Amino acid sequence: MIGISACLGGICCRYDGQAKEIVALKKLVEDQKAILVCPEVLGGLPIPREPAEIIGGDGFDVWNGQAKVLTNTGADVTDLFKHGAIMAYQKLIEKEVTTIILKENSPSCGGKSIYDGTFSGNHRSGPGVATSYFISKGLEVISENNWQTVLDREERKCQKTKY
């Protein structure tokens with residue numbers, strides 16, 4: 001079983017109430033080969049919600065108490081982001097997920113890139129809060145930009161098990 005950011009599976013759960021559907025990933029869910037999670041919603045954040053960015057570092061820094069997640073109006077949503085990461089992880093391990101495909105640039109799910117904390121649209125390298133947690137727990141995290149590698153690997157597994 002694979003985990004997928006819910007917005008990539010077609011669920012309108014992003015901060016702006018939109019989805020970023022990738023049809024092939026949605027099909028994995030329909031075929032019961034994947035489950036969807038949205039750490040921000042699982043953490044208790046509404047849809048839509050104020051944009052939020054990590055201030056002072058990346059997701060690992062949030063877990064180490066060196067950075068916070070703030071909205072564009074200054075509300076501290078750090079605890080909600082952390083709670084959502086933990087809830088998402090619990091849902092993933094219940095389904096024996098070992099690999100998850102996540103939405104890049106998100107303060108929760110960004111893998112290699114997140115917004116830089118200035119609300120200017122600029123990016124910086126680093127993982128989001130949920131991604132950092134998933135990595136620390138041993139999950140394989142794949143960016144939406146590389147989702148095809150997971151499908152290719154699954155296809156090879158299926159071919160090896162055919163008689």
# chains A, B, ... in the order shown; residues from 1 in each chain; ligands from 1

call {"tool": "select_by_dssp", "arguments": {"residues": "segment 89-138 of chain A", "states": "helix (DSSP H, G or I)", "output": "PyMOL selection string"}}
result
chain A and resi 89-94+129-136

call {"tool": "select_by_dssp", "arguments": {"residues": "segment 2-149 of chain A", "states": "strand (DSSP E or B)", "output": "PyMOL selection string"}}
result
chain A and resi 2-5+34-37+52-55+68-71+76+99-102+105+113-115+123-125+140-143

call {"tool": "residues_around", "arguments": {"residues": "Ile22 of chain A", "least_positions_apart": "5", "cutoff": "9 Å", "atoms": "only C-alpha atoms", "output": "MDAnalysis selection string"}}
result
chainID A and resid 7:10 27 144

call {"tool": "closest_residue", "arguments": {"among": "A:Ala19, A:Ile114, A:Met1, A:Val62", "to": "Ile93 of chain A", "atoms": "only C-alpha atoms"}}
result
A:Met1

call {"tool": "residues_around", "arguments": {"residues": "Ala88 of chain A", "least_positions_apart": "3", "cutoff": "9 Å", "atoms": "only C-alpha atoms", "output": "NGL selection string"}}
result
:A and (37-40 or 42-43 or 83-85 or 91-93 or 130)
